[in-house]
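Asker: Dropping in my_file14.pdb, which is PDB, C-alpha atoms:
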ATOM      1  CA  MET A   1     -30.129  -4.348   6.976  1.00  0.00           C
ATOM      2  CA  LYS A   2     -27.325  -1.801   7.263  1.00  0.00           C
ATOM      3  CA  THR A   3     -23.742  -2.959   6.698  1.00  0.00           C
ATOM      4  CA  VAL A   4     -20.617  -1.458   8.281  1.00  0.00           C
ATOM      5  CA  LEU A   5     -17.187  -2.321   6.913  1.00  0.00           C
ATOM      6  CA  SER A   6     -14.383  -1.967   9.453  1.00  0.00           C
ATOM      7  CA  ILE A   7     -10.853  -1.707   8.053  1.00  0.00           C
ATOM      8  CA  ASN A   8      -7.931  -1.852  10.477  1.00  0.00           C
ATOM      9  CA  SER A   9      -4.433  -1.024   9.281  1.00  0.00           C
ATOM     10  CA  SER A  10      -2.446  -0.559  12.481  1.00  0.00           C
ATOM     11  CA  GLY A  11       0.604  -2.780  12.770  1.00  0.00           C
ATOM     12  CA  ARG A  12      -0.089  -2.882  16.502  1.00  0.00           C
ATOM     13  CA  TYR A  13      -2.758  -5.228  17.761  1.00  0.00           C
ATOM     14  CA  GLN A  14      -2.397  -4.853  21.501  1.00  0.00           C
ATOM     15  CA  ASP A  15      -2.656  -1.255  22.716  1.00  0.00           C
ATOM     16  CA  SER A  16      -3.530   0.109  19.259  1.00  0.00           C
ATOM     17  CA  LEU A  17      -5.488   3.312  19.759  1.00  0.00           C
ATOM     18  CA  THR A  18      -7.075   3.210  16.300  1.00  0.00           C
ATOM     19  CA  ARG A  19      -8.257  -0.362  16.885  1.00  0.00           C
ATOM     20  CA  GLN A  20      -9.730   0.556  20.286  1.00  0.00           C
ATOM     21  CA  VAL A  21     -11.482   3.699  19.059  1.00  0.00           C
ATOM     22  CA  SER A  22     -12.747   1.938  15.924  1.00  0.00           C
ATOM     23  CA  ALA A  23     -14.231  -0.824  18.091  1.00  0.00           C
ATOM     24  CA  LYS A  24     -15.892   1.759  20.346  1.00  0.00           C
ATOM     25  CA  LEU A  25     -17.287   3.594  17.314  1.00  0.00           C
ATOM     26  CA  ILE A  26     -18.717   0.371  15.910  1.00  0.00           C
ATOM     27  CA  ALA A  27     -20.281  -0.429  19.286  1.00  0.00           C
ATOM     28  CA  GLU A  28     -21.952   3.002  19.209  1.00  0.00           C
ATOM     29  CA  LEU A  29     -23.238   2.374  15.687  1.00  0.00           C
ATOM     30  CA  LYS A  30     -24.617  -0.993  16.856  1.00  0.00           C
ATOM     31  CA  SER A  31     -26.439   0.706  19.716  1.00  0.00           C
ATOM     32  CA  GLN A  32     -28.123   3.078  17.251  1.00  0.00           C
ATOM     33  CA  HIS A  33     -29.157   0.437  14.709  1.00  0.00           C
ATOM     34  CA  THR A  34     -30.875  -2.777  15.705  1.00  0.00           C
ATOM     35  CA  ASN A  35     -30.227  -4.492  12.398  1.00  0.00           C
ATOM     36  CA  LEU A  36     -26.533  -3.892  11.713  1.00  0.00           C
ATOM     37  CA  GLN A  37     -24.149  -6.278   9.993  1.00  0.00           C
ATOM     38  CA  ILE A  38     -20.424  -5.776  10.659  1.00  0.00           C
ATOM     39  CA  LYS A  39     -17.820  -6.901   8.137  1.00  0.00           C
ATOM     40  CA  GLU A  40     -14.226  -6.736   9.370  1.00  0.00           C
ATOM     41  CA  ARG A  41     -11.139  -6.508   7.199  1.00  0.00           C
ATOM     42  CA  ASP A  42      -7.801  -6.454   8.988  1.00  0.00           C
ATOM     43  CA  ILE A  43      -5.114  -5.562   6.473  1.00  0.00           C
ATOM     44  CA  ALA A  44      -2.213  -5.071   8.893  1.00  0.00           C
ATOM     45  CA  SER A  45      -0.541  -8.370   8.074  1.00  0.00           C
ATOM     46  CA  GLY A  46      -0.029  -7.241   4.498  1.00  0.00           C
ATOM     47  CA  LEU A  47      -1.532  -7.028   1.035  1.00  0.00           C
ATOM     48  CA  SER A  48       0.061  -7.577  -2.313  1.00  0.00           C
ATOM     49  CA  PHE A  49       1.106  -4.511  -4.253  1.00  0.00           C
ATOM     50  CA  ILE A  50      -0.166  -3.836  -7.718  1.00  0.00           C
ATOM     51  CA  ASP A  51       2.306  -4.829 -10.397  1.00  0.00           C
ATOM     52  CA  GLU A  52       2.491  -5.039 -14.183  1.00  0.00           C
ATOM     53  CA  GLN A  53       0.374  -8.211 -14.280  1.00  0.00           C
ATOM     54  CA  TRP A  54      -2.342  -6.628 -12.095  1.00  0.00           C
ATOM     55  CA  ILE A  55      -2.340  -3.401 -14.123  1.00  0.00           C
ATOM     56  CA  GLY A  56      -2.609  -5.322 -17.381  1.00  0.00           C
ATOM     57  CA  ALA A  57      -5.522  -7.371 -16.063  1.00  0.00           C
ATOM     58  CA  ASN A  58      -7.275  -4.321 -14.642  1.00  0.00           C
ATOM     59  CA  PHE A  59      -7.088  -2.390 -17.922  1.00  0.00           C
ATOM     60  CA  THR A  60      -8.225  -5.331 -20.039  1.00  0.00           C
ATOM     61  CA  ASP A  61     -11.901  -5.109 -20.911  1.00  0.00           C
ATOM     62  CA  PRO A  62     -13.718  -7.405 -18.437  1.00  0.00           C
ATOM     63  CA  GLU A  63     -15.328  -9.290 -21.323  1.00  0.00           C
ATOM     64  CA  LEU A  64     -11.892 -10.065 -22.779  1.00  0.00           C
ATOM     65  CA  ARG A  65     -10.078 -11.094 -19.598  1.00  0.00           C
ATOM     66  CA  GLU A  66      -8.549 -14.529 -19.639  1.00  0.00           C
ATOM     67  CA  GLN A  67      -8.683 -16.794 -16.585  1.00  0.00           C
ATOM     68  CA  PRO A  68      -5.219 -15.830 -15.259  1.00  0.00           C
ATOM     69  CA  GLN A  69      -6.213 -12.140 -15.440  1.00  0.00           C
ATOM     70  CA  LYS A  70      -9.444 -12.862 -13.551  1.00  0.00           C
ATOM     71  CA  GLU A  71      -7.424 -14.693 -10.899  1.00  0.00           C
ATOM     72  CA  THR A  72      -5.004 -11.756 -10.638  1.00  0.00           C
ATOM     73  CA  LEU A  73      -7.920  -9.410  -9.872  1.00  0.00           C
ATOM     74  CA  ALA A  74      -9.886 -11.824  -7.662  1.00  0.00           C
ATOM     75  CA  PHE A  75      -8.759 -10.440  -4.300  1.00  0.00           C
ATOM     76  CA  SER A  76      -9.141  -6.852  -5.499  1.00  0.00           C
ATOM     77  CA  ASP A  77     -12.683  -7.776  -6.600  1.00  0.00           C
ATOM     78  CA  VAL A  78     -13.414  -9.029  -3.060  1.00  0.00           C
ATOM     79  CA  LEU A  79     -12.169  -5.762  -1.516  1.00  0.00           C
ATOM     80  CA  VAL A  80     -14.208  -3.692  -3.976  1.00  0.00           C
ATOM     81  CA  LYS A  81     -17.334  -5.767  -3.305  1.00  0.00           C
ATOM     82  CA  GLU A  82     -16.925  -5.132   0.432  1.00  0.00           C
ATOM     83  CA  LEU A  83     -16.934  -1.391  -0.258  1.00  0.00           C
ATOM     84  CA  GLN A  84     -19.872  -1.621  -2.649  1.00  0.00           C
ATOM     85  CA  ASP A  85     -21.922  -3.590  -0.108  1.00  0.00           C
ATOM     86  CA  ALA A  86     -21.132  -1.295   2.834  1.00  0.00           C
ATOM     87  CA  ASP A  87     -23.382   1.551   3.916  1.00  0.00           C
ATOM     88  CA  GLU A  88     -20.797   2.884   6.349  1.00  0.00           C
ATOM     89  CA  ILE A  89     -17.050   2.345   6.496  1.00  0.00           C
ATOM     90  CA  VAL A  90     -14.752   2.739   9.489  1.00  0.00           C
ATOM     91  CA  ILE A  91     -11.081   3.047   8.550  1.00  0.00           C
ATOM     92  CA  GLY A  92      -8.617   2.904  11.434  1.00  0.00           C
ATOM     93  CA  SER A  93      -5.269   4.388  10.478  1.00  0.00           C
ATOM     94  CA  PRO A  94      -2.255   5.369  12.507  1.00  0.00           C
ATOM     95  CA  ILE A  95       0.017   7.973  10.987  1.00  0.00           C
ATOM     96  CA  TYR A  96       3.414   6.535  10.169  1.00  0.00           C
ATOM     97  CA  ASN A  97       6.064   9.012   9.042  1.00  0.00           C
ATOM     98  CA  PHE A  98       3.423  11.652   8.214  1.00  0.00           C
ATOM     99  CA  GLY A  99       1.323   9.320   6.018  1.00  0.00           C
ATOM    100  CA  VAL A 100      -0.801   6.196   6.048  1.00  0.00           C
ATOM    101  CA  PRO A 101       0.704   2.748   6.647  1.00  0.00           C
ATOM    102  CA  ALA A 102       2.011   1.186   3.418  1.00  0.00           C
ATOM    103  CA  VAL A 103      -0.572  -1.568   3.726  1.00  0.00           C
ATOM    104  CA  LEU A 104      -3.400   1.001   3.667  1.00  0.00           C
ATOM    105  CA  LYS A 105      -1.909   2.564   0.527  1.00  0.00           C
ATOM    106  CA  ALA A 106      -1.818  -0.941  -0.990  1.00  0.00           C
ATOM    107  CA  TRP A 107      -5.533  -1.343  -0.097  1.00  0.00           C
ATOM    108  CA  VAL A 108      -6.295   1.994  -1.796  1.00  0.00           C
ATOM    109  CA  ASP A 109      -4.459   0.836  -4.919  1.00  0.00           C
ATOM    110  CA  LEU A 110      -6.496  -2.371  -4.969  1.00  0.00           C
ATOM    111  CA  VAL A 111      -9.890  -0.622  -4.618  1.00  0.00           C
ATOM    112  CA  ALA A 112      -9.404   2.515  -6.743  1.00  0.00           C
ATOM    113  CA  ARG A 113     -10.337   0.864 -10.028  1.00  0.00           C
ATOM    114  CA  ALA A 114     -11.276   2.611 -13.246  1.00  0.00           C
ATOM    115  CA  ARG A 115     -14.750   1.550 -14.468  1.00  0.00           C
ATOM    116  CA  VAL A 116     -15.424  -0.116 -11.099  1.00  0.00           C
ATOM    117  CA  THR A 117     -15.105   2.439  -8.272  1.00  0.00           C
ATOM    118  CA  PHE A 118     -14.544   5.496 -10.470  1.00  0.00           C
ATOM    119  CA  ARG A 119     -14.787   6.403 -14.123  1.00  0.00           C
ATOM    120  CA  TYR A 120     -13.253   8.990 -16.366  1.00  0.00           C
ATOM    121  CA  THR A 121     -15.647  11.506 -17.916  1.00  0.00           C
ATOM    122  CA  GLU A 122     -15.160  14.554 -20.118  1.00  0.00           C
ATOM    123  CA  ASN A 123     -15.285  16.584 -16.878  1.00  0.00           C
ATOM    124  CA  GLY A 124     -12.666  14.471 -15.112  1.00  0.00           C
ATOM    125  CA  PRO A 125     -12.918  11.439 -12.818  1.00  0.00           C
ATOM    126  CA  GLU A 126     -16.250  10.586 -11.203  1.00  0.00           C
ATOM    127  CA  GLY A 127     -16.542   8.352  -8.153  1.00  0.00           C
ATOM    128  CA  LEU A 128     -19.007   5.482  -8.433  1.00  0.00           C
ATOM    129  CA  LEU A 129     -19.464   4.611  -4.738  1.00  0.00           C
ATOM    130  CA  LYS A 130     -22.277   6.966  -3.746  1.00  0.00           C
ATOM    131  CA  ASN A 131     -24.426   7.360  -0.635  1.00  0.00           C
ATOM    132  CA  LYS A 132     -21.910   5.966   1.813  1.00  0.00           C
ATOM    133  CA  LYS A 133     -20.515   7.320   5.063  1.00  0.00           C
ATOM    134  CA  VAL A 134     -16.856   7.006   6.103  1.00  0.00           C
ATOM    135  CA  TYR A 135     -15.323   7.471   9.535  1.00  0.00           C
ATOM    136  CA  LEU A 136     -11.564   7.964   9.468  1.00  0.00           C
ATOM    137  CA  VAL A 137     -10.223   6.990  12.892  1.00  0.00           C
ATOM    138  CA  MET A 138      -6.795   8.597  12.918  1.00  0.00           C
ATOM    139  CA  ALA A 139      -4.032   8.498  15.539  1.00  0.00           C
ATOM    140  CA  SER A 140      -0.461   9.684  15.796  1.00  0.00           C
ATOM    141  CA  GLY A 141       2.085   9.847  18.547  1.00  0.00           C
ATOM    142  CA  GLY A 142       3.564  13.094  17.321  1.00  0.00           C
ATOM    143  CA  VAL A 143       1.735  14.550  14.325  1.00  0.00           C
ATOM    144  CA  PRO A 144      -1.378  16.508  15.309  1.00  0.00           C
ATOM    145  CA  ILE A 145      -4.394  15.297  13.321  1.00  0.00           C
ATOM    146  CA  GLY A 146      -5.387  17.971  10.816  1.00  0.00           C
ATOM    147  CA  SER A 147      -2.070  19.840  11.051  1.00  0.00           C
ATOM    148  CA  ALA A 148       0.138  20.695   8.079  1.00  0.00           C
ATOM    149  CA  MET A 149       2.332  17.701   9.018  1.00  0.00           C
ATOM    150  CA  ASP A 150      -0.635  15.299   8.774  1.00  0.00           C
ATOM    151  CA  LEU A 151      -0.481  14.062   5.200  1.00  0.00           C
ATOM    152  CA  ALA A 152      -2.549  10.947   5.964  1.00  0.00           C
ATOM    153  CA  THR A 153      -5.934  12.480   6.760  1.00  0.00           C
ATOM    154  CA  PRO A 154      -6.226  14.728   3.674  1.00  0.00           C
ATOM    155  CA  TYR A 155      -4.935  11.864   1.526  1.00  0.00           C
ATOM    156  CA  LEU A 156      -7.645   9.497   2.757  1.00  0.00           C
ATOM    157  CA  LYS A 157     -10.326  12.177   2.352  1.00  0.00           C
ATOM    158  CA  GLN A 158      -9.121  12.767  -1.216  1.00  0.00           C
ATOM    159  CA  VAL A 159      -9.173   9.048  -2.011  1.00  0.00           C
ATOM    160  CA  MET A 160     -12.681   8.648  -0.590  1.00  0.00           C
ATOM    161  CA  GLY A 161     -13.945  11.579  -2.667  1.00  0.00           C
ATOM    162  CA  PHE A 162     -12.210  10.182  -5.744  1.00  0.00           C
ATOM    163  CA  ILE A 163     -14.190   6.939  -5.468  1.00  0.00           C
ATOM    164  CA  GLY A 164     -17.414   8.836  -4.726  1.00  0.00           C
ATOM    165  CA  ILE A 165     -17.617   8.931  -0.938  1.00  0.00           C
ATOM    166  CA  THR A 166     -17.917  12.541   0.172  1.00  0.00           C
ATOM    167  CA  ASP A 167     -19.542  12.074   3.588  1.00  0.00           C
ATOM    168  CA  VAL A 168     -16.351  11.703   5.624  1.00  0.00           C
ATOM    169  CA  THR A 169     -15.994  12.235   9.368  1.00  0.00           C
ATOM    170  CA  VAL A 170     -12.546  12.416  10.928  1.00  0.00           C
ATOM    171  CA  VAL A 171     -12.197  10.982  14.415  1.00  0.00           C
ATOM    172  CA  ASP A 172      -9.036  12.090  16.215  1.00  0.00           C
ATOM    173  CA  ALA A 173      -8.446   8.971  18.287  1.00  0.00           C
ATOM    174  CA  THR A 174      -5.889  10.793  20.427  1.00  0.00           C
ATOM    175  CA  LYS A 175      -8.672  12.999  21.817  1.00  0.00           C
ATOM    176  CA  ILE A 176     -11.146  10.236  22.661  1.00  0.00           C
ATOM    177  CA  ASP A 177     -11.648   9.172  26.256  1.00  0.00           C
ATOM    178  CA  LEU A 178     -12.434   5.480  25.789  1.00  0.00           C
ATOM    179  CA  GLY A 179     -14.168   5.402  29.153  1.00  0.00           C
ATOM    180  CA  SER A 180     -16.680   8.138  28.545  1.00  0.00           C
ATOM    181  CA  ASP A 181     -16.675   9.961  25.201  1.00  0.00           C
ATOM    182  CA  ASN A 182     -19.434   9.378  22.693  1.00  0.00           C
ATOM    183  CA  ILE A 183     -17.484   9.258  19.460  1.00  0.00           C
ATOM    184  CA  LEU A 184     -20.397  10.019  17.168  1.00  0.00           C
ATOM    185  CA  THR A 185     -21.038  13.357  18.848  1.00  0.00           C
ATOM    186  CA  ASN A 186     -17.366  14.290  19.351  1.00  0.00           C
ATOM    187  CA  SER A 187     -16.141  13.945  15.767  1.00  0.00           C
ATOM    188  CA  GLN A 188     -15.224  16.440  13.067  1.00  0.00           C
TER     189      GLN A 188
END
If you took the structure in this file and wrote it as structure tokens, what would it be?

Answerer:
Amino acid sequence: MKTVLSINSSGRYQDSLTRQVSAKLIAELKSQHTNLQIKERDIASGLSFIDEQWIGANFTDPELREQPQKETLAFSDVLVKELQDADEIVIGSPIYNFGVPAVLKAWVDLVARARVTFRYTENGPEGLLKNKKVYLVMASGGVPIGSAMDLATPYLKQVMGFIGITDVTVVDATKIDLGSDNILTNSQ
């Protein structure tokens, strides 16, 4: 069974272009795979930010973590497990003030974990989440996707590569005709 993780970060629910295009993309994936499991994670309502307690727990050897440290990392562990279990990931992100929504940055902070999703080697960091495909469904009302003003798309591509996911397709949601376009064939 193939698993797709859908992550929505738009603060808009009704009329959100990234939510609509992400849903259409997932429907296309479903039509191509008869045995597809969809896991949805909507982060728009907020996530906690990492703090000193979280950092201390994260950098404590897992064998030495005390119960409060395990509890501090519990939600982060759930988010990481979702990524580890997914074969494909669809991340819907509007561009707010040239970058990703703060909640999506908080998600990145919770899943980019040394010794879990990446490790440090003598040659630099190495991502540990291999053989996965990511679709970045990006939208902006004024910043052209892929332009010099778009800081969000290259950031997300960098983060994905950092954790080991190098097969990344960018979907410019502003150029998708929801009534007719096939997203999988009209993506970068």

Asker: Quote the spacing between atom CA of Leu64 of chain A and atom CA of Leu79 of chain A in Å to one decimal place.

Answerer: 21.7 Å

Asker: What would the selection look like, as a ChimeraX atom specification, if the PyMOL selection byres ((chain A and resi 84) around 12) were run on the coordinates I just shared?

Answerer: /A:3-5,77-83,85-89,111-112,116-118,127-133,163-165

Asker: Mind checking which residues fall within 6 Å of Ser140 of chain A, counting all atoms listed in the file, ignoring those fewer than 2 positions away in the same chain, and posting them as an mmCIF file with C-alpha atoms, in the frame of the given file?

Answerer:
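Generated file (selection_6.cif):
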data_model
loop_
_atom_site.group_PDB
_atom_site.id
_atom_site.type_symbol
_atom_site.label_atom_id
_atom_site.label_comp_id
_atom_site.auth_asym_id
_atom_site.auth_seq_id
_atom_site.Cartn_x
_atom_site.Cartn_y
_atom_site.Cartn_z
ATOM 1 C CA PRO A 94 -2.255 5.369 12.507
ATOM 2 C CA ILE A 95 0.017 7.973 10.987
ATOM 3 C CA GLY A 142 3.564 13.094 17.321
ATOM 4 C CA VAL A 143 1.735 14.550 14.325
#

Asker: Can you check which parts of segment 61-139 of chain A lie within 8 Å of segment 23-45 of chain A? Per residue, the shortest pair of atoms and distance in Å to one decimal, counting all atoms listed in the file, sorted by chain and number, as a tab-separated table.

Answerer:
residue	atom	partner	partner_atom	distance
A:Glu82	CA	A:Lys39	CA	8.0
A:Val90	CA	A:Ile26	CA	7.9
A:Val103	CA	A:Ala44	CA	6.5
A:Leu104	CA	A:Ile43	CA	7.3
A:Trp107	CA	A:Ile43	CA	7.8

Asker: Using only C-alpha atoms, please write the residues we just selected to a file, as an mmCIF file, in the frame of the given file.

Answerer:
data_model
loop_
_atom_site.group_PDB
_atom_site.id
_atom_site.type_symbol
_atom_site.label_atom_id
_atom_site.label_comp_id
_atom_site.auth_asym_id
_atom_site.auth_seq_id
_atom_site.Cartn_x
_atom_site.Cartn_y
_atom_site.Cartn_z
ATOM 1 C CA GLU A 82 -16.925 -5.132 0.432
ATOM 2 C CA VAL A 90 -14.752 2.739 9.489
ATOM 3 C CA VAL A 103 -0.572 -1.568 3.726
ATOM 4 C CA LEU A 104 -3.400 1.001 3.667
ATOM 5 C CA TRP A 107 -5.533 -1.343 -0.097
#

Asker: Excluding segment 168-174 of chain A and its own-chain neighbours fewer than 5 positions away, which residues fall within 9 Å of it when counting all atoms listed in the file? Please give them as a PyMOL selection string.

Answerer: chain A and resi 17-18+20-22+132-141+144-146+153+157+160-161+183-184+186-188

Asker: When you draw a straight line from atom CA of Trp54 of chain A to atom CA of Leu73 of chain A, how long is it in Å?

Answerer: 6.6 Å

Asker: As a list in words, please: the residues near Phe59 of chain A (cut-off 10 Å, only C-alpha atoms, same-chain neighbours under 6 positions excluded).

Answerer: Arg65, Arg113, Ala114 and Arg115 of chain A

Asker: Would you please work out which residue, of A:Ile91, A:Ile55, A:Met149, A:Ala74, is nearest to Ser6 of chain A when using only C-alpha atoms?

Answerer: A:Ile91

Asker: Could you state the separation of atom CA of Glu52 of chain A and atom CA of Arg119 of chain A in Å, given to one decimal place?

Answerer: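 One can read the atom CA of Glu52 of chain A to atom CA of Arg119 of chain A distance as 20.7 Å.
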
Asker: Which one is closest to Tyr96 of chain A: A:Leu156, A:Leu110, A:Thr185, A:Asp150? Count only C-alpha atoms.

Answerer: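 With only C-alpha atoms as the atom set, the closest residue is A:Asp150.
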
Asker: Using all atoms listed in the file, which residue out of A:Asn182, A:Asn123, A:Ser9, A:Asn97 lies closest to Leu47 of chain A?

Answerer: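 Of the candidates, the smallest distance to Leu47 of chain A is held by A:Ser9.
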
Asker: Restricting the calculation to only C-alpha atoms: of A:Asp51, A:Asp177, A:Glu126, A:Glu63, which residue gets closest to Ala106 of chain A?

Answerer: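 Going through A:Asp51, A:Asp177, A:Glu126, A:Glu63 one by one, the smallest distance to Ala106 of chain A is for A:Asp51.
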